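*Asks:* Supplied in structure tokens, the structure appears directly below.
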Amino acid sequence: MSSVVPEGWAVESLNNNIDVLSGFPFKSAQFTDDKSKTGLIRIRDLIKQQPVTFYNGEFDDLFVVSKGDVLIGMDGDFNIVKWKTKQALLNQRICKVNASEGTNFYTDFLFHSLEPDLQEIHASTGATTVKHLSVKDLRGIQKPYPPLPEQQKIATILSSVDEVIEKTQAQIDKLKDLKTGMMQELLTKGIGHTEFKDSLVGRIPVGWDVKRLNELVTIKHGYAFEGEHFRTSQTNHILLTPGNFNRDGRLYFGPKTKYYEGPIPDGYILENGDALVVMTDLTKEMTILGNTIILQSPSVVLHNQRIGKVEPVEDNVVTTKFLCLVLNSDRVKTHVKDTATGTTVRHSSPTKILEPLVPVPSLIEQEKIMSTFSSVNDRLAIGESKLVSSQNIKKALMQDLLTGKVRVSVN
């Protein structure tokens with residue numbers, strides 16, 4: 001923290017200025033899926049604010065979280081949220097934080113200003129697996145803070161940007177639900193059909209075929225590039241890994257992207273337009289296993305191991321884009337997960353991925369289906385671009401307002 005404090009601001013430890021309530025270790029024997037019971041907030045529920053576990057036992061009202069409460073996850077990324085949904089129970093390894101009554105801190109200001117402090121603690125923590133935050137760590141934070149009226153104005157400005165972010169995220173979530181429903185509809189009923197027939201995959205339009213995926217495509221394994229040539233700083237070649245695939249079905253080239261600087265065998269430089277499927281997933285939920293994308297990258301990308309390149313067996317039967325849609329369908333993704341091997345790290349293979357039977361329309365209808373589907377994807381891309389823009393605006397405002405670099409006027 002800089003030693004320069006803006007005029008009128010002070011520096012003080014949070015120790016005697018905040019009230020911290022640690023969550024209660026509720027007994028798992030009382031956990032239930034019954035949504036009529038009280039929701040139980042677990043660390044994994046903080047970001048989405050949608051408890052998926054409910055509690056069927058007695059509890060102390062002290063541990064009831066209400067809308068507006070500030071919560072901090074004490075494990076992992078140390079996420080901080082303002083609870084926005086209905087009442088739920090504060091589970092262990094989550095803290096509720098408020099400014100103590102009569103102190104010089106405003107709770108909403110604390111909510112916005114604590115995020116960079118938590119990131120700093122997270123970065124300095126030596127743990128190599130799951131990182132842990134303690135109440136002592138939290139109370140030991142020293143903060144520069146402005147007078148209360150200025151805190152309130154800063155919190156109001158940042159909260160208004162949060163509202164834009166939340167509304168944009170809600171629109172994106174609705175579009176994703178529409179996309180999922182539309183995929184199922186288009187891949188089973190097509191567009192404008194009135195006559196259907198029974199098949200091995202259920203009712204499909206008359207004129208459609210049913211084929212096993214391995215009749216339509218092959219999946220080529222990636223190359224096991226030598227680790228001694230891996231680089232963390234940018235080179236001319238990106239080394240594609242499962243970590244570049246996100247749960248939304250897109251590629252992500254962020255700070256942890258791997259680069260390569262060494263010999264490259266023939267046939268393992270990818271091209272834009274290639275369909276790629278991920279065959280290894282480090283998450284128990286298998287959020288990316290089987291995800292298939294169409295490569296679009298301004299950089300040169302290498303075909304690494306555990307990534308499959310999807311290639312049509314014959315021309316004029318299926319398009320690459322339609323194949324991508326089929327491989328991401330519930331029918332195929334469910335099969336991939338059900339047949340995955342491994343306990344912690346989950347794996348699939350070309351043989352397993354290409355086992356399912358799928359309905360196949362004509363090439364003309366494939367193009368129509370993709371055109372209809374692309375319209376939703378375009379709207380989704382616009383929403384996601386707006387979301388990133390709003391997030392960047394908030395980040396810039398936080399850097400200016402929470403440091404006093406830019407002062408707000410208080411009437």
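Ligands are numbered from 1 in the order shown, chains are lettered A, B, ... in the order of the structure tokens, and residues start at 1 in each chain.
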Write out as a short mmCIF file (atom, residue, chain, number, x, y, z; two decimals) with N, CA and C atoms, in the first residue's frame which residues come within 9 Å of A:Ile43 when counting only C-alpha atoms, dropping same-chain ones fewer than 5 positions away.
*Replies:*
data_model
loop_
_atom_site.label_atom_id
_atom_site.label_comp_id
_atom_site.auth_asym_id
_atom_site.auth_seq_id
_atom_site.Cartn_x
_atom_site.Cartn_y
_atom_site.Cartn_z
N ILE A 72 -17.78 -13.30 2.63
CA ILE A 72 -16.44 -13.57 2.09
C ILE A 72 -16.17 -15.08 2.18
N GLY A 73 -15.81 -15.68 1.05
CA GLY A 73 -15.39 -17.07 1.05
C GLY A 73 -13.96 -17.17 1.55
N MET A 74 -13.71 -18.00 2.55
CA MET A 74 -12.41 -18.04 3.22
C MET A 74 -11.47 -19.09 2.63
N ASP A 75 -11.92 -19.82 1.61
CA ASP A 75 -11.08 -20.79 0.93
C ASP A 75 -11.04 -20.48 -0.56
N GLY A 76 -9.98 -20.91 -1.23
CA GLY A 76 -9.92 -20.75 -2.69
C GLY A 76 -9.53 -19.36 -3.11
N ASN A 79 -13.54 -15.06 -2.55
CA ASN A 79 -14.57 -14.24 -3.20
C ASN A 79 -15.35 -13.44 -2.18
N ASN A 91 -22.84 -21.06 6.07
CA ASN A 91 -22.13 -22.30 6.33
C ASN A 91 -20.67 -22.02 6.69
N GLN A 92 -19.98 -23.02 7.21
CA GLN A 92 -18.58 -22.87 7.60
C GLN A 92 -17.71 -22.47 6.43
N ARG A 93 -16.58 -21.82 6.74
CA ARG A 93 -15.61 -21.30 5.81
C ARG A 93 -16.12 -20.13 4.98
N ILE A 94 -17.24 -19.53 5.45
CA ILE A 94 -17.73 -18.27 4.90
C ILE A 94 -17.94 -17.32 6.07
#
*Asks:* Step one, run DSSP on the backbone; step two, keep only residues of stretch 120-173 of chain A assigned to alpha helix (DSSP H); then write them as a PyMOL selection string.
*Replies:* chain A and resi 120-124+135-139+148-173
*Asks:* Take the selection from the previous step and output its residues with C-alpha atoms, as a short mmCIF file (atom, residue, chain, number, x, y, z; two decimals), in the first residue's frame.
*Replies:*
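Output file again-v6.cif follows:
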data_model
loop_
_atom_site.label_atom_id
_atom_site.label_comp_id
_atom_site.auth_asym_id
_atom_site.auth_seq_id
_atom_site.Cartn_x
_atom_site.Cartn_y
_atom_site.Cartn_z
CA GLU A 120 -3.31 -9.14 -2.40
CA ILE A 121 -3.58 -11.59 0.51
CA HIS A 122 -4.40 -14.40 -1.94
CA ALA A 123 -1.30 -13.62 -4.02
CA SER A 124 0.95 -13.57 -0.95
CA VAL A 135 -10.32 -13.97 10.42
CA LYS A 136 -6.98 -12.73 11.73
CA ASP A 137 -5.90 -11.99 8.14
CA LEU A 138 -9.12 -10.07 7.61
CA ARG A 139 -8.87 -8.03 10.79
CA LEU A 148 -18.12 8.72 5.68
CA PRO A 149 -19.97 10.98 3.19
CA GLU A 150 -17.26 10.32 0.59
CA GLN A 151 -17.38 6.58 1.30
CA GLN A 152 -21.12 6.60 0.72
CA LYS A 153 -20.78 8.47 -2.59
CA ILE A 154 -18.04 6.11 -3.80
CA ALA A 155 -20.16 3.08 -2.85
CA THR A 156 -23.17 4.54 -4.71
CA ILE A 157 -21.14 5.05 -7.90
CA LEU A 158 -19.65 1.56 -7.84
CA SER A 159 -22.99 -0.02 -6.97
CA SER A 160 -24.61 1.64 -10.01
CA VAL A 161 -22.02 -0.01 -12.25
CA ASP A 162 -22.67 -3.31 -10.46
CA GLU A 163 -26.35 -2.99 -11.38
CA VAL A 164 -25.46 -2.65 -15.06
CA ILE A 165 -23.17 -5.69 -14.78
CA GLU A 166 -25.87 -7.75 -13.07
CA LYS A 167 -28.56 -6.83 -15.62
CA THR A 168 -26.21 -7.64 -18.49
CA GLN A 169 -25.28 -10.97 -16.88
CA ALA A 170 -29.00 -11.78 -16.44
CA GLN A 171 -29.57 -11.11 -20.16
CA ILE A 172 -26.62 -13.35 -21.02
CA ASP A 173 -27.96 -16.14 -18.79
#
*Asks:* For the structure I just gave you, how does DSSP split stretch 11-128 of chain A - specifically, which residues are strand (DSSP E or B)? Reply as number ranges by chain.
*Replies:* A: 11-13, 18-22, 24, 31-32, 38-41, 53-55, 64-65, 70-73, 75, 80-82, 88-91, 94-99
*Asks:* What would the file look like if the residues just selected were written as a short mmCIF file (atom, residue, chain, number, x, y, z; two decimals), in the first residue's frame with N, CA and C atoms?
*Replies:*
data_model
loop_
_atom_site.label_atom_id
_atom_site.label_comp_id
_atom_site.auth_asym_id
_atom_site.auth_seq_id
_atom_site.Cartn_x
_atom_site.Cartn_y
_atom_site.Cartn_z
N VAL A 11 -5.63 6.28 7.72
CA VAL A 11 -5.29 4.86 7.60
C VAL A 11 -5.57 4.19 8.94
N GLU A 12 -6.29 3.09 8.89
CA GLU A 12 -6.62 2.41 10.14
C GLU A 12 -6.80 0.92 9.90
N SER A 13 -6.46 0.12 10.88
CA SER A 13 -6.66 -1.32 10.80
C SER A 13 -8.15 -1.63 10.91
N ILE A 18 -14.66 -3.71 12.35
CA ILE A 18 -15.59 -4.60 11.67
C ILE A 18 -16.11 -5.68 12.61
N ASP A 19 -17.33 -6.12 12.33
CA ASP A 19 -17.91 -7.28 13.00
C ASP A 19 -17.83 -8.45 12.03
N VAL A 20 -17.25 -9.55 12.49
CA VAL A 20 -17.08 -10.72 11.64
C VAL A 20 -17.79 -11.92 12.28
N LEU A 21 -18.66 -12.54 11.51
CA LEU A 21 -19.35 -13.75 11.97
C LEU A 21 -18.93 -14.91 11.07
N SER A 22 -18.26 -15.91 11.67
CA SER A 22 -17.86 -17.10 10.91
C SER A 22 -19.05 -18.05 10.79
N PHE A 24 -21.38 -21.48 10.43
CA PHE A 24 -21.56 -22.61 11.35
C PHE A 24 -21.35 -23.93 10.60
N PHE A 31 -28.52 -32.31 5.37
CA PHE A 31 -28.59 -31.70 4.04
C PHE A 31 -29.68 -32.40 3.23
N THR A 32 -30.35 -31.64 2.37
CA THR A 32 -31.44 -32.20 1.57
C THR A 32 -31.52 -31.48 0.23
N THR A 38 -34.68 -24.33 3.99
CA THR A 38 -33.82 -23.15 3.92
C THR A 38 -32.52 -23.48 3.18
N GLY A 39 -32.14 -22.60 2.24
CA GLY A 39 -30.92 -22.81 1.48
C GLY A 39 -29.68 -22.72 2.36
N LEU A 40 -28.66 -23.47 2.01
CA LEU A 40 -27.39 -23.47 2.75
C LEU A 40 -26.31 -22.92 1.82
N ILE A 41 -25.69 -21.81 2.22
CA ILE A 41 -24.69 -21.18 1.36
C ILE A 41 -23.35 -21.88 1.54
N THR A 53 -27.95 -26.75 -2.10
CA THR A 53 -28.13 -27.63 -0.96
C THR A 53 -29.05 -26.93 0.04
N PHE A 54 -29.91 -27.71 0.68
CA PHE A 54 -30.87 -27.14 1.63
C PHE A 54 -30.75 -27.87 2.96
N TYR A 55 -31.24 -27.21 4.03
CA TYR A 55 -31.01 -27.74 5.37
C TYR A 55 -32.34 -28.08 6.03
N VAL A 64 -28.53 -16.77 9.91
CA VAL A 64 -29.38 -16.50 8.74
C VAL A 64 -28.83 -15.28 8.00
N VAL A 65 -28.55 -15.46 6.73
CA VAL A 65 -28.04 -14.38 5.88
C VAL A 65 -29.21 -13.75 5.13
N VAL A 70 -22.78 -8.72 3.47
CA VAL A 70 -21.51 -8.90 2.78
C VAL A 70 -20.87 -10.21 3.24
N LEU A 71 -20.57 -11.09 2.28
CA LEU A 71 -20.04 -12.41 2.60
C LEU A 71 -18.68 -12.60 1.93
N ILE A 72 -17.78 -13.30 2.63
CA ILE A 72 -16.44 -13.57 2.09
C ILE A 72 -16.17 -15.08 2.18
N GLY A 73 -15.81 -15.68 1.05
CA GLY A 73 -15.39 -17.07 1.05
C GLY A 73 -13.96 -17.17 1.55
N ASP A 75 -11.92 -19.82 1.61
CA ASP A 75 -11.08 -20.79 0.93
C ASP A 75 -11.04 -20.48 -0.56
N ILE A 80 -15.70 -12.20 -2.54
CA ILE A 80 -16.52 -11.35 -1.69
C ILE A 80 -17.76 -10.95 -2.48
N VAL A 81 -18.93 -11.11 -1.88
CA VAL A 81 -20.19 -10.78 -2.56
C VAL A 81 -21.12 -10.06 -1.60
N LYS A 82 -22.05 -9.31 -2.19
CA LYS A 82 -23.16 -8.78 -1.42
C LYS A 82 -24.35 -9.68 -1.74
N ALA A 88 -30.80 -17.29 3.57
CA ALA A 88 -30.14 -18.59 3.53
C ALA A 88 -29.23 -18.70 4.75
N LEU A 89 -28.63 -19.87 4.93
CA LEU A 89 -27.82 -20.13 6.11
C LEU A 89 -26.33 -19.98 5.81
N LEU A 90 -25.61 -19.37 6.76
CA LEU A 90 -24.18 -19.12 6.62
C LEU A 90 -23.41 -20.37 7.04
N ASN A 91 -22.84 -21.06 6.07
CA ASN A 91 -22.13 -22.30 6.33
C ASN A 91 -20.67 -22.02 6.69
N ILE A 94 -17.24 -19.53 5.45
CA ILE A 94 -17.73 -18.27 4.90
C ILE A 94 -17.94 -17.32 6.07
N CYS A 95 -17.58 -16.06 5.90
CA CYS A 95 -17.76 -15.04 6.94
C CYS A 95 -18.73 -13.97 6.48
N LYS A 96 -19.50 -13.47 7.43
CA LYS A 96 -20.32 -12.28 7.19
C LYS A 96 -19.60 -11.10 7.83
N VAL A 97 -19.45 -10.01 7.08
CA VAL A 97 -18.67 -8.85 7.54
C VAL A 97 -19.51 -7.59 7.47
N ASN A 98 -19.47 -6.81 8.54
CA ASN A 98 -20.13 -5.51 8.57
C ASN A 98 -19.23 -4.50 9.26
N ALA A 99 -19.39 -3.24 8.90
CA ALA A 99 -18.71 -2.19 9.66
C ALA A 99 -19.35 -2.11 11.04
#
*Asks:* Would you mind listing what lies within 8 Å of A:Arg231 as a ChimeraX atom specification, with only C-alpha atoms counted and same-chain residues fewer than 6 positions away left out?
*Replies:* /A:258-261
*Asks:* Could the residues in this selection be saved with N, CA and C atoms as an mmCIF file, in the first residue's frame?
*Replies:*
data_model
loop_
_atom_site.group_PDB
_atom_site.id
_atom_site.type_symbol
_atom_site.label_atom_id
_atom_site.label_comp_id
_atom_site.auth_asym_id
_atom_site.auth_seq_id
_atom_site.Cartn_x
_atom_site.Cartn_y
_atom_site.Cartn_z
ATOM 1 N N LYS A 258 -0.146 -21.194 -22.060
ATOM 2 C CA LYS A 258 1.188 -21.761 -22.259
ATOM 3 C C LYS A 258 1.669 -21.463 -23.677
ATOM 4 N N TYR A 259 2.955 -21.199 -23.788
ATOM 5 C CA TYR A 259 3.569 -20.939 -25.086
ATOM 6 C C TYR A 259 4.659 -21.980 -25.336
ATOM 7 N N TYR A 260 5.082 -22.061 -26.588
ATOM 8 C CA TYR A 260 6.040 -23.092 -26.975
ATOM 9 C C TYR A 260 7.129 -22.486 -27.848
ATOM 10 N N GLU A 261 8.369 -22.955 -27.614
ATOM 11 C CA GLU A 261 9.505 -22.497 -28.396
ATOM 12 C C GLU A 261 10.429 -23.692 -28.607
#
*Asks:* For the contact check between stretch 170-195 of chain A and stretch 202-207 of chain A, emit one row per residue of stretch 170-195 of chain A within 12 Å, containing the shortest atom pair and the distance in Å rounded to one decimal, counting only C-alpha atoms, chain then rising number order, as CSV.
*Replies:*
residue,atom,partner,partner_atom,distance
A:Gln184,CA,A:Ile204,CA,11.9
A:Glu185,CA,A:Ile204,CA,10.6
A:Leu186,CA,A:Ile204,CA,10.4
A:Leu187,CA,A:Ile204,CA,8.8
A:Thr188,CA,A:Ile204,CA,5.7
A:Lys189,CA,A:Ile204,CA,5.9
A:Gly190,CA,A:Pro205,CA,7.1
A:Ile191,CA,A:Pro205,CA,9.3
A:Gly192,CA,A:Pro205,CA,9.6
A:His193,CA,A:Pro205,CA,6.3
A:Thr194,CA,A:Pro205,CA,7.7
A:Glu195,CA,A:Val206,CA,5.8
*Asks:* Need the shell around A:Gln296: protein/DNA/RNA residues with any atom at most 12 Å away, counting only C-alpha atoms. Skip same-chain ones fewer than 5 positions apart. Format as a ChimeraX atom specification?
*Replies:* /A:250-253,270-276,301
*Asks:* I'd like to know which of A:Glu7, A:Glu314, A:Asp177, A:Asp281 is closest to A:Tyr145, using only C-alpha atoms.
*Replies:* A:Glu7
